[in-house]
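Trainee: Structure file target_23.pdb (PDB, C-alpha atoms and all ligand atoms) is given on the next line.
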```pdb
ATOM      1  CA  MET A 211       5.261 -13.567  -4.231
ATOM      2  CA  LYS A 212       6.004 -10.692  -6.550
ATOM      3  CA  LEU A 213       5.488  -7.057  -5.593
ATOM      4  CA  THR A 214       5.336  -4.470  -8.371
ATOM      5  CA  VAL A 215       5.445  -0.820  -7.381
ATOM      6  CA  LEU A 216       2.744   1.004  -9.344
ATOM      7  CA  GLY A 217       3.290   4.293  -7.551
ATOM      8  CA  LYS A 218       5.499   5.384  -4.676
ATOM      9  CA  TYR A 219       4.601   9.013  -4.055
ATOM     10  CA  GLY A 220       2.400  10.784  -1.560
ATOM     11  CA  PRO A 221       0.410  12.864  -1.059
ATOM     12  CA  PHE A 222       1.048  14.066  -4.613
ATOM     13  CA  PRO A 223       3.334  12.655  -7.284
ATOM     14  CA  ALA A 224       6.663  13.857  -8.564
ATOM     15  CA  PRO A 225       6.655  14.609 -12.324
ATOM     16  CA  GLY A 226       5.957  11.382 -14.216
ATOM     17  CA  GLY A 227       5.227   9.467 -11.016
ATOM     18  CA  ALA A 228       2.121   8.034  -9.381
ATOM     19  CA  CYS A 229       0.725   8.005  -5.849
ATOM     20  CA  SER A 230       0.669   4.909  -3.620
ATOM     21  CA  GLY A 231      -0.201   1.601  -5.213
ATOM     22  CA  TYR A 232       1.279  -1.880  -5.441
ATOM     23  CA  LEU A 233       0.478  -5.059  -7.303
ATOM     24  CA  LEU A 234       0.992  -8.267  -5.338
ATOM     25  CA  GLU A 235       1.023 -11.491  -7.324
ATOM     26  CA  ALA A 236       1.291 -15.061  -6.131
ATOM     27  CA  ASP A 237       0.719 -18.312  -8.049
ATOM     28  CA  ASP A 238      -3.052 -18.041  -8.009
ATOM     29  CA  VAL A 239      -3.692 -14.560  -6.655
ATOM     30  CA  LYS A 240      -3.505 -10.972  -7.836
ATOM     31  CA  LEU A 241      -4.151  -8.166  -5.367
ATOM     32  CA  ALA A 242      -3.848  -4.386  -5.644
ATOM     33  CA  LEU A 243      -2.656  -2.787  -2.420
ATOM     34  CA  ASP A 244      -3.879   0.822  -2.527
ATOM     35  CA  MET A 245      -4.733   2.561  -5.795
ATOM     36  CA  GLY A 246      -3.700   6.198  -5.663
ATOM     37  CA  SER A 247      -3.769   8.539  -8.647
ATOM     38  CA  GLY A 248      -1.842   7.247 -11.652
ATOM     39  CA  THR A 249      -1.776   3.614 -10.551
ATOM     40  CA  LEU A 250      -4.521   2.293 -12.848
ATOM     41  CA  SER A 251      -2.498   3.298 -15.892
ATOM     42  CA  ARG A 252       0.487   1.507 -14.407
ATOM     43  CA  LEU A 253      -1.648  -1.552 -13.673
ATOM     44  CA  PHE A 254      -2.613  -1.671 -17.344
ATOM     45  CA  GLN A 255       1.110  -1.628 -18.134
ATOM     46  CA  ARG A 256       1.536  -4.707 -15.965
ATOM     47  CA  GLY A 257      -1.166  -7.130 -17.046
ATOM     48  CA  GLY A 258      -4.311  -5.072 -16.499
ATOM     49  CA  ILE A 259      -7.283  -5.778 -14.297
ATOM     50  CA  ALA A 260      -8.264  -9.224 -15.568
ATOM     51  CA  GLY A 261      -7.838 -11.753 -12.794
ATOM     52  CA  LEU A 262      -7.655  -9.150 -10.045
ATOM     53  CA  ASN A 263      -9.011 -10.821  -6.898
ATOM     54  CA  ALA A 264      -9.371  -7.698  -4.783
ATOM     55  CA  VAL A 265      -8.168  -4.222  -3.955
ATOM     56  CA  ILE A 266      -7.045  -3.704  -0.375
ATOM     57  CA  LEU A 267      -6.959  -0.080   0.751
ATOM     58  CA  SER A 268      -4.849   0.933   3.718
ATOM     59  CA  HIS A 269      -7.063   3.990   4.168
ATOM     60  CA  LEU A 270      -9.346   6.434   2.431
ATOM     61  CA  HIS A 271      -7.011   9.301   1.646
ATOM     62  CA  SER A 272      -7.102  10.241  -2.037
ATOM     63  CA  ASP A 273      -3.443   9.425  -2.657
ATOM     64  CA  HIS A 274      -4.365   5.802  -1.815
ATOM     65  CA  TYR A 275      -7.789   5.319  -3.379
ATOM     66  CA  ALA A 276      -8.299   7.996  -6.093
ATOM     67  CA  ASP A 277      -8.024   5.607  -9.027
ATOM     68  CA  LEU A 278     -10.964   3.567  -7.731
ATOM     69  CA  LEU A 279     -13.006   6.523  -8.997
ATOM     70  CA  ILE A 280     -11.655   5.677 -12.469
ATOM     71  CA  LEU A 281     -11.400   1.891 -12.156
ATOM     72  CA  ARG A 282     -15.202   1.902 -11.808
ATOM     73  CA  TYR A 283     -15.499   3.022 -15.441
ATOM     74  CA  ALA A 284     -13.129   0.293 -16.602
ATOM     75  CA  LEU A 285     -15.138  -2.303 -14.672
ATOM     76  CA  GLU A 286     -18.479  -1.023 -15.949
ATOM     77  CA  LEU A 287     -17.390  -0.840 -19.574
ATOM     78  CA  LEU A 288     -15.178  -3.896 -19.803
ATOM     79  CA  HIS A 289     -17.668  -6.009 -17.893
ATOM     80  CA  GLY A 290     -20.563  -4.703 -19.970
ATOM     81  CA  ARG A 291     -18.880  -5.027 -23.357
ATOM     82  CA  GLU A 292     -16.653  -8.009 -23.002
ATOM     83  CA  LYS A 293     -17.974  -9.941 -20.011
ATOM     84  CA  ARG A 294     -14.403 -10.873 -19.197
ATOM     85  CA  ILE A 295     -14.108  -8.795 -16.055
ATOM     86  CA  PRO A 296     -16.301 -10.045 -13.225
ATOM     87  CA  VAL A 297     -18.084  -7.587 -10.967
ATOM     88  CA  PRO A 298     -18.436  -6.775  -8.195
ATOM     89  CA  LEU A 299     -14.757  -6.541  -7.370
ATOM     90  CA  THR A 300     -13.954  -6.985  -3.690
ATOM     91  CA  VAL A 301     -12.546  -3.847  -2.063
ATOM     92  CA  VAL A 302     -11.345  -4.036   1.529
ATOM     93  CA  GLY A 303     -10.919  -0.692   3.251
ATOM     94  CA  PRO A 304     -11.812   1.301   6.353
ATOM     95  CA  GLY A 305     -15.467   2.261   6.836
ATOM     96  CA  GLU A 306     -14.432   5.837   7.577
ATOM     97  CA  PRO A 307     -14.673   8.514   6.326
ATOM     98  CA  GLU A 308     -18.143   7.088   5.853
ATOM     99  CA  SER A 309     -19.019   9.412   2.960
ATOM    100  CA  ILE A 310     -16.168   7.999   0.869
ATOM    101  CA  PHE A 311     -16.880   4.381   1.795
ATOM    102  CA  ARG A 312     -20.540   4.905   0.832
ATOM    103  CA  GLN A 313     -19.596   6.632  -2.414
ATOM    104  CA  LEU A 314     -17.463   3.651  -3.464
ATOM    105  CA  ALA A 315     -20.213   1.210  -2.460
ATOM    106  CA  ALA A 316     -22.820   3.193  -4.419
ATOM    107  CA  PHE A 317     -20.993   2.648  -7.720
ATOM    108  CA  GLY A 318     -22.309  -0.906  -7.691
ATOM    109  CA  VAL A 319     -19.129  -2.448  -9.109
ATOM    110  CA  TYR A 320     -17.360  -2.809  -5.771
ATOM    111  CA  GLU A 321     -18.180  -5.208  -2.977
ATOM    112  CA  MET A 322     -17.045  -3.115  -0.020
ATOM    113  CA  VAL A 323     -15.673  -4.900   3.042
ATOM    114  CA  ALA A 324     -14.930  -2.730   6.092
ATOM    115  CA  SER A 325     -11.522  -3.227   7.695
ATOM    116  CA  ILE A 326     -11.246  -4.172  11.356
ATOM    117  CA  ASP A 327      -8.118  -4.298  13.521
ATOM    118  CA  GLY A 328      -6.818  -7.866  13.558
ATOM    119  CA  MET A 329      -9.063  -8.951  10.686
ATOM    120  CA  LYS A 330      -7.732 -11.902   8.665
ATOM    121  CA  PHE A 331      -8.834 -12.982   5.220
ATOM    122  CA  ARG A 332      -7.559 -15.196   2.466
ATOM    123  CA  PHE A 333      -7.416 -15.149  -1.294
ATOM    124  CA  GLY A 334      -6.215 -18.495  -2.657
ATOM    125  CA  SER A 335      -2.806 -19.192  -1.156
ATOM    126  CA  VAL A 336      -2.390 -15.679   0.217
ATOM    127  CA  SER A 337      -3.561 -14.609   3.646
ATOM    128  CA  VAL A 338      -3.761 -11.029   4.846
ATOM    129  CA  THR A 339      -3.976  -9.667   8.394
ATOM    130  CA  LEU A 340      -4.857  -6.018   9.036
ATOM    131  CA  HIS A 341      -3.453  -3.925  11.863
ATOM    132  CA  ARG A 342      -4.726  -0.487  12.831
ATOM    133  CA  MET A 343      -2.066   2.191  12.512
ATOM    134  CA  ILE A 344      -1.784   5.827  13.588
ATOM    135  CA  HIS A 345      -3.044   8.366  11.064
ATOM    136  CA  PRO A 346      -5.628  11.188  10.899
ATOM    137  CA  VAL A 347      -8.168   8.722   9.445
ATOM    138  CA  PRO A 348      -8.388   4.980  10.227
ATOM    139  CA  SER A 349      -5.456   3.325   8.456
ATOM    140  CA  TYR A 350      -4.415  -0.317   8.382
ATOM    141  CA  ALA A 351      -1.090  -2.024   7.800
ATOM    142  CA  MET A 352      -1.204  -5.277   5.826
ATOM    143  CA  ASP A 353       0.669  -8.405   6.893
ATOM    144  CA  ILE A 354       0.637 -10.663   3.849
ATOM    145  CA  THR A 355       1.960 -14.191   3.428
ATOM    146  CA  ASP A 356       1.655 -17.122   1.053
ATOM    147  CA  GLY A 357       2.960 -19.453   3.755
ATOM    148  CA  ARG A 358       6.513 -19.235   2.434
ATOM    149  CA  THR A 359       7.432 -15.574   2.597
ATOM    150  CA  ARG A 360       5.938 -12.489   4.182
ATOM    151  CA  LEU A 361       5.385  -8.886   3.163
ATOM    152  CA  PHE A 362       4.472  -6.227   5.703
ATOM    153  CA  TYR A 363       3.132  -2.974   4.240
ATOM    154  CA  THR A 364       2.658  -0.196   6.783
ATOM    155  CA  GLY A 365       0.234   1.935   4.756
ATOM    156  CA  ASP A 366       0.373   5.478   6.141
ATOM    157  CA  THR A 367       1.290   5.740   9.779
ATOM    158  CA  GLY A 368       2.991   7.869  12.355
ATOM    159  CA  TRP A 369       5.363   6.293  14.855
ATOM    160  CA  SER A 370       3.892   3.320  16.700
ATOM    161  CA  ASP A 371       5.664   1.422  19.454
ATOM    162  CA  ARG A 372       4.076  -1.827  18.311
ATOM    163  CA  LEU A 373       5.165  -1.653  14.678
ATOM    164  CA  ALA A 374       8.481  -3.450  15.139
ATOM    165  CA  ASP A 375       6.735  -6.322  16.917
ATOM    166  CA  LEU A 376       4.047  -6.576  14.272
ATOM    167  CA  CYS A 377       6.495  -6.822  11.379
ATOM    168  CA  LYS A 378       9.092  -8.935  13.212
ATOM    169  CA  TYR A 379      11.120 -11.158  10.836
ATOM    170  CA  ALA A 380       9.158 -10.111   7.744
ATOM    171  CA  ASP A 381      10.953 -10.829   4.485
ATOM    172  CA  VAL A 382      10.063  -7.411   3.116
ATOM    173  CA  LEU A 383       9.003  -4.328   5.054
ATOM    174  CA  LEU A 384       7.390  -1.809   2.709
ATOM    175  CA  ALA A 385       7.401   1.266   4.909
ATOM    176  CA  ASP A 386       5.910   4.741   4.811
ATOM    177  CA  THR A 387       8.801   7.186   4.742
ATOM    178  CA  GLY A 388       6.752  10.260   4.053
ATOM    179  CA  LEU A 389       9.003  12.479   6.130
ATOM    180  CA  LEU A 390      12.591  13.357   6.767
ATOM    181  CA  SER A 391      13.462  14.006  10.405
ATOM    182  CA  SER A 392      13.939  17.730   9.756
ATOM    183  CA  ASP A 393      10.271  17.973   8.659
ATOM    184  CA  LYS A 394       8.794  15.896  11.484
ATOM    185  CA  THR A 395       6.219  17.603  13.658
ATOM    186  CA  THR A 396       4.465  16.505  16.856
ATOM    187  CA  ASN A 397       1.974  13.734  16.071
ATOM    188  CA  ALA A 398       3.312  13.531  12.513
ATOM    189  CA  PRO A 399       1.059  11.361  10.301
ATOM    190  CA  HIS A 400       4.008   9.598   8.634
ATOM    191  CA  LEU A 401       7.149   7.775   9.647
ATOM    192  CA  THR A 402      10.446   9.455   8.965
ATOM    193  CA  ALA A 403      13.010   7.548   6.945
ATOM    194  CA  ARG A 404      15.107   7.331  10.124
ATOM    195  CA  GLU A 405      12.214   5.789  12.058
ATOM    196  CA  ALA A 406      11.567   3.254   9.285
ATOM    197  CA  GLY A 407      15.218   2.195   9.496
ATOM    198  CA  ILE A 408      14.948   1.769  13.266
ATOM    199  CA  ILE A 409      11.795  -0.338  12.926
ATOM    200  CA  ALA A 410      13.412  -2.505  10.218
ATOM    201  CA  ARG A 411      16.472  -3.047  12.405
ATOM    202  CA  ASP A 412      14.505  -3.813  15.565
ATOM    203  CA  ALA A 413      12.172  -6.151  13.680
ATOM    204  CA  MET A 414      15.126  -7.904  12.012
ATOM    205  CA  VAL A 415      13.403  -7.845   8.638
ATOM    206  CA  LYS A 416      15.371  -9.086   5.652
ATOM    207  CA  ARG A 417      14.653  -6.120   3.428
ATOM    208  CA  LEU A 418      13.411  -2.552   3.892
ATOM    209  CA  ILE A 419      11.810  -0.780   0.947
ATOM    210  CA  CYS A 420      11.045   2.873   1.649
ATOM    211  CA  THR A 421       7.981   4.326  -0.032
ATOM    212  CA  HIS A 422       5.348   7.106   0.113
ATOM    213  CA  ILE A 423       8.011   9.560  -0.959
ATOM    214  CA  TRP A 424       7.100  13.214  -0.784
ATOM    215  CA  GLY A 425       6.576  14.317  -4.393
ATOM    216  CA  GLY A 426       7.611  17.855  -3.584
ATOM    217  CA  GLY A 427      11.305  17.203  -3.702
ATOM    218  CA  TYR A 428      12.734  14.456  -1.486
ATOM    219  CA  THR A 429      15.382  12.519  -3.366
ATOM    220  CA  ASP A 430      16.234   8.840  -2.977
ATOM    221  CA  GLU A 431      19.577   9.909  -1.532
ATOM    222  CA  MET A 432      17.902  11.940   1.226
ATOM    223  CA  ILE A 433      15.689   9.009   2.195
ATOM    224  CA  LEU A 434      18.508   6.468   2.072
ATOM    225  CA  LYS A 435      20.845   8.615   4.130
ATOM    226  CA  GLU A 436      18.409   8.550   7.074
ATOM    227  CA  ALA A 437      17.030   5.032   6.680
ATOM    228  CA  SER A 438      20.465   3.460   6.380
ATOM    229  CA  GLU A 439      21.644   4.874   9.713
ATOM    230  CA  ALA A 440      19.921   1.950  11.440
ATOM    231  CA  PHE A 441      19.379  -0.337   8.446
ATOM    232  CA  PRO A 442      22.368  -0.108   6.090
ATOM    233  CA  ASP A 443      20.784  -2.036   3.185
ATOM    234  CA  ALA A 444      17.655   0.131   3.014
ATOM    235  CA  GLU A 445      16.243   0.698  -0.477
ATOM    236  CA  VAL A 446      13.841   3.217  -1.979
ATOM    237  CA  ALA A 447      10.925   1.823  -3.975
ATOM    238  CA  GLU A 448      11.342   2.005  -7.734
ATOM    239  CA  GLU A 449       8.213   2.499  -9.798
ATOM    240  CA  LEU A 450       7.309  -0.367 -12.149
ATOM    241  CA  PHE A 451      10.051  -2.517 -10.651
ATOM    242  CA  ALA A 452       8.994  -6.007  -9.541
ATOM    243  CA  TYR A 453      10.460  -7.157  -6.250
ATOM    244  CA  ASN A 454      10.620 -10.796  -5.227
ATOM    245  CA  VAL A 455       9.207 -11.227  -1.746
TER     246      VAL A 455
HETATM  247 ZN    ZN B   1      -0.648   8.867   1.812
HETATM  248 ZN    ZN B   2      -2.839   9.179   4.428
END
```
Would you put the structure from the file into structure tokens?

Mentor:
Amino acid sequence: MKLTVLGKYGPFPAPGGACSGYLLEADDVKLALDMGSGTLSRLFQRGGIAGLNAVILSHLHSDHYADLLILRYALELLHGREKRIPVPLTVVGPGEPESIFRQLAAFGVYEMVASIDGMKFRFGSVSVTLHRMIHPVPSYAMDITDGRTRLFYTGDTGWSDRLADLCKYADVLLADTGLLSSDKTTNAPHLTAREAGIIARDAMVKRLICTHIWGGGYTDEMILKEASEAFPDAEVAEELFAYNV
């Protein structure tokens, strides 16, 4: 599988960057994992929306779904004018906040599927399992495999004792590192870079890619310094870079 980082920032982008979004491609499958602001433009830089099987949303915070408000126009116009983009496009995401889920459904170009903890589904050779995480709104991690390798994307989540078990032996752990330890508060909605390193170590994953970087000023060096305490080979996601999973 190939994972292209469309955007790595949250909850707002650094200059020139985009919020959370990833393109996952396998032989016969093309999935967008989250589509925060700025990611649709990046998707057009990397093959566009033709052949997209589905969008899977970890949760309905704007930094993860905002570009679905714009993708609707692309679907309406490209489908209407060129008939080369099929609609409705499948969108998997939490049913809450209900007002947002309903708004997306009302556009008529999305087939909305509500996420459930433990839910499994398949697109071609790729299967996806959702796991409920800890966040102010329902948020789901994605465990994705083509039968050969495995990607685990945490979405947004605070610390969870079961995370290391869930992502055990994954080839790539794409982890929320929205915080540095010095900024962590009680019931923080994001993992710290240090916590992501601990989870990666305990889960014995092959590779840790840190993402959901605070656009207000965290540098890659700050993230790596903490994450590498427990997981020395930790990396920070690079926008528009394609990672082999
Ligand atoms: Zn976020
Ligand atoms: Zn969030």

Trainee: Please report, as JSON lines, each residue of chain A lying at most 9 Å from ligand ZN 2 (chain B), together with the nearest pair of atoms and the separation in Å rounded to one decimal; use only C-alpha atoms and all ligand atoms, and order rows by chain and ascending residue number.

Mentor:
```
{"residue": "A:Gly220", "atom": "CA", "partner": "B:ZN2", "partner_atom": "ZN", "distance": 8.1}
{"residue": "A:Pro221", "atom": "CA", "partner": "B:ZN2", "partner_atom": "ZN", "distance": 7.4}
{"residue": "A:Ser268", "atom": "CA", "partner": "B:ZN2", "partner_atom": "ZN", "distance": 8.5}
{"residue": "A:His269", "atom": "CA", "partner": "B:ZN2", "partner_atom": "ZN", "distance": 6.7}
{"residue": "A:Leu270", "atom": "CA", "partner": "B:ZN2", "partner_atom": "ZN", "distance": 7.3}
{"residue": "A:His271", "atom": "CA", "partner": "B:ZN2", "partner_atom": "ZN", "distance": 5.0}
{"residue": "A:Ser272", "atom": "CA", "partner": "B:ZN2", "partner_atom": "ZN", "distance": 7.8}
{"residue": "A:Asp273", "atom": "CA", "partner": "B:ZN2", "partner_atom": "ZN", "distance": 7.1}
{"residue": "A:His274", "atom": "CA", "partner": "B:ZN2", "partner_atom": "ZN", "distance": 7.3}
{"residue": "A:His345", "atom": "CA", "partner": "B:ZN2", "partner_atom": "ZN", "distance": 6.7}
{"residue": "A:Pro346", "atom": "CA", "partner": "B:ZN2", "partner_atom": "ZN", "distance": 7.3}
{"residue": "A:Val347", "atom": "CA", "partner": "B:ZN2", "partner_atom": "ZN", "distance": 7.3}
{"residue": "A:Ser349", "atom": "CA", "partner": "B:ZN2", "partner_atom": "ZN", "distance": 7.6}
{"residue": "A:Gly365", "atom": "CA", "partner": "B:ZN2", "partner_atom": "ZN", "distance": 7.9}
{"residue": "A:Asp366", "atom": "CA", "partner": "B:ZN2", "partner_atom": "ZN", "distance": 5.2}
{"residue": "A:Thr367", "atom": "CA", "partner": "B:ZN2", "partner_atom": "ZN", "distance": 7.6}
{"residue": "A:Pro399", "atom": "CA", "partner": "B:ZN2", "partner_atom": "ZN", "distance": 7.4}
{"residue": "A:His400", "atom": "CA", "partner": "B:ZN2", "partner_atom": "ZN", "distance": 8.0}
```

Trainee: Excluding Gly257 (chain A) and residues on its chain fewer than 5 positions from it, collect all residues at most 12 Å away from it, counting all atoms listed in the file, and give them as a list in words.

Mentor: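 Counting all atoms listed in the file, the residues come to Thr214, Leu216, Leu233, Leu234, Glu235, Lys240, Leu250, Ser251, Arg252, Leu262 and Leu450 of chain A.
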
Trainee: Give me the residues near Glu436 (chain A) as a PyMOL selection string, where near means some atom within 8 Å (using only C-alpha atoms) and where sequence neighbours in that chain fewer than 2 positions away do not count.

Mentor: chain A and resi 390+403-404+407+432-434+438-439

Trainee: I need the residue nearest ligand ZN 1 (chain B) from this list: A:Gly425, A:Gly334, A:Pro442, A:Gly261. Use all atoms listed in the file for the distance.

Mentor: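 Under the stated criterion, the closest residue is A:Gly425.
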
Trainee: Around the point (-6.5, -3.5, -2.2) (coordinates from the file), which residues reach within 8 Å if we count only C-alpha atoms? Answer as JSON, numbers by chain.

Mentor: {"A": [241, 242, 243, 244, 245, 264, 265, 266, 267, 268, 301, 302, 303]}

Trainee: Skip region 369-384 of chain A itself and residues of its chain fewer than 6 positions away, then list as a PyMOL selection string all residues within 6 Å of it, counting only C-alpha atoms.

Mentor: chain A and resi 360-363+401+409+413-419

Trainee: Rebuild region 222-233 of chain A to N, CA, C and O atoms - output it as a compact mmCIF listing (two decimals), in the coordinates of the input, please.

Mentor:
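Written output follows (result.txt):
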```txt
# COMPACT_ATOMS: atom_id res chain seq x y z
N PHE A 222 1.19 13.74 -3.19
CA PHE A 222 1.05 14.07 -4.61
C PHE A 222 2.31 13.56 -5.31
O PHE A 222 3.36 13.42 -4.68
N PRO A 223 2.20 13.29 -6.61
CA PRO A 223 3.33 12.66 -7.28
C PRO A 223 4.41 13.62 -7.73
O PRO A 223 4.12 14.79 -8.01
N ALA A 224 5.61 13.14 -7.86
CA ALA A 224 6.66 13.86 -8.56
C ALA A 224 6.35 13.78 -10.06
O ALA A 224 5.54 12.94 -10.48
N PRO A 225 6.94 14.65 -10.88
CA PRO A 225 6.66 14.61 -12.32
C PRO A 225 6.87 13.20 -12.89
O PRO A 225 7.91 12.58 -12.66
N GLY A 226 5.84 12.71 -13.61
CA GLY A 226 5.96 11.38 -14.22
C GLY A 226 5.68 10.23 -13.27
O GLY A 226 5.69 9.07 -13.69
N GLY A 227 5.44 10.52 -12.00
CA GLY A 227 5.23 9.47 -11.02
C GLY A 227 3.75 9.26 -10.70
O GLY A 227 2.88 9.90 -11.26
N ALA A 228 3.49 8.33 -9.81
CA ALA A 228 2.12 8.03 -9.38
C ALA A 228 2.09 7.95 -7.86
O ALA A 228 3.12 7.73 -7.21
N CYS A 229 0.88 8.14 -7.31
CA CYS A 229 0.72 8.01 -5.85
C CYS A 229 0.68 6.52 -5.46
O CYS A 229 0.75 5.64 -6.30
N SER A 230 0.49 6.26 -4.16
CA SER A 230 0.67 4.91 -3.62
C SER A 230 -0.16 3.84 -4.31
O SER A 230 -1.38 3.98 -4.46
N GLY A 231 0.49 2.76 -4.68
CA GLY A 231 -0.20 1.60 -5.21
C GLY A 231 0.80 0.50 -5.53
O GLY A 231 1.92 0.78 -5.98
N TYR A 232 0.39 -0.74 -5.27
CA TYR A 232 1.28 -1.88 -5.44
C TYR A 232 0.47 -3.06 -5.97
O TYR A 232 -0.69 -3.24 -5.60
N LEU A 233 1.10 -3.84 -6.79
CA LEU A 233 0.48 -5.06 -7.30
C LEU A 233 1.18 -6.25 -6.67
O LEU A 233 2.41 -6.38 -6.80
```
